[in-house]
Amino acid sequence: MAKKRKKLKLPLAYKPIGFVLSWAGGALAGLAFQKAWMAIRHEEDAPDALDKDRGWGEVLLAAALQGAIFAAVRSAVDRTGATAIERSTGVWPSSDKGGGRD
């Protein structure tokens, strides 16, 4: 019975940890995108959607690359945090099978 109570409280307790991990992951993803863009286009600044001097292809490539890097880094950081919580507490931090990202 006590184990069930622990399962119900852990997802709420994990939220602040998840927030910090997400923030750190976002910062890491931003740095990774800058490095990737520099390697691909040899430019420091990626195009913005409202940058009139850049073409559609360049803007969409930058957006797709940024989205892919952000999703991969976020998933890696979330998974690492959840695995660490499970190892230290014995309980997976999500109460539902779908992951529970709110």
# chains A, B, ... in the order shown; residues from 1 in each chain; ligands from 1
call {"tool": "residues_around", "arguments": {"residues": "Arg41 in chain A", "least_positions_apart": "4", "cutoff": "10 Å", "atoms": "only C-alpha atoms", "output": "PDB file with C-alpha atoms, in the first residue's frame"}}
result
ATOM      1  CA  ALA A  36      25.264  22.450 -36.484  1.00  0.00           C
ATOM      2  CA  TRP A  37      24.262  25.586 -38.406  1.00  0.00           C
ATOM      3  CA  ASP A  45      23.305  33.363 -37.344  1.00  0.00           C
ATOM      4  CA  ALA A  46      20.599  31.062 -38.616  1.00  0.00           C
ATOM      5  CA  GLU A  58      17.087  28.256 -46.068  1.00  0.00           C
ATOM      6  CA  ALA A  62      16.999  26.014 -40.294  1.00  0.00           C
TER       7      ALA A  62
END
call {"tool": "atom_distance", "arguments": {"atom1": "CA of Ala29 in chain A", "atom2": "CA of Arg74 in chain A"}}
result
7.8 Å
call {"tool": "select_by_dssp", "arguments": {"residues": "chain A", "states": "alpha helix (DSSP H)", "output": "ChimeraX atom specification"}}
result
/A:2-41,56-89
call {"tool": "atom_distance", "arguments": {"atom1": "CA of Ser88 in chain A", "atom2": "CA of Ile69 in chain A"}}
result
28.6 Å
call {"tool": "atom_distance", "arguments": {"atom1": "CA of Gly81 in chain A", "atom2": "CA of Leu21 in chain A"}}
result
7.2 Å
call {"tool": "residues_around", "arguments": {"residues": "Ala76 in chain A", "least_positions_apart": "6", "cutoff": "10 Å", "atoms": "only C-alpha atoms", "output": "VMD selection string"}}
result
chain A and resid 25 70 82
call {"tool": "write_last_selection", "arguments": {"atoms": "N, CA, C and O atoms", "output": "PDB file, in the first residue's frame"}}
result
ATOM      1  N   GLY A  25      18.262  21.263 -20.902  1.00  0.00           N
ATOM      2  CA  GLY A  25      18.204  20.630 -22.218  1.00  0.00           C
ATOM      3  C   GLY A  25      17.958  21.630 -23.330  1.00  0.00           C
ATOM      4  O   GLY A  25      18.545  21.536 -24.414  1.00  0.00           O
ATOM      5  N   PHE A  70      16.247  20.023 -31.093  1.00  0.00           N
ATOM      6  CA  PHE A  70      15.556  20.284 -29.833  1.00  0.00           C
ATOM      7  C   PHE A  70      14.821  19.039 -29.345  1.00  0.00           C
ATOM      8  O   PHE A  70      14.903  18.681 -28.160  1.00  0.00           O
ATOM      9  N   ALA A  82      14.558  10.595 -15.931  1.00  0.00           N
ATOM     10  CA  ALA A  82      13.613   9.570 -15.477  1.00  0.00           C
ATOM     11  C   ALA A  82      14.350   8.305 -15.041  1.00  0.00           C
ATOM     12  O   ALA A  82      14.003   7.692 -14.025  1.00  0.00           O
TER      13      ALA A  82
END
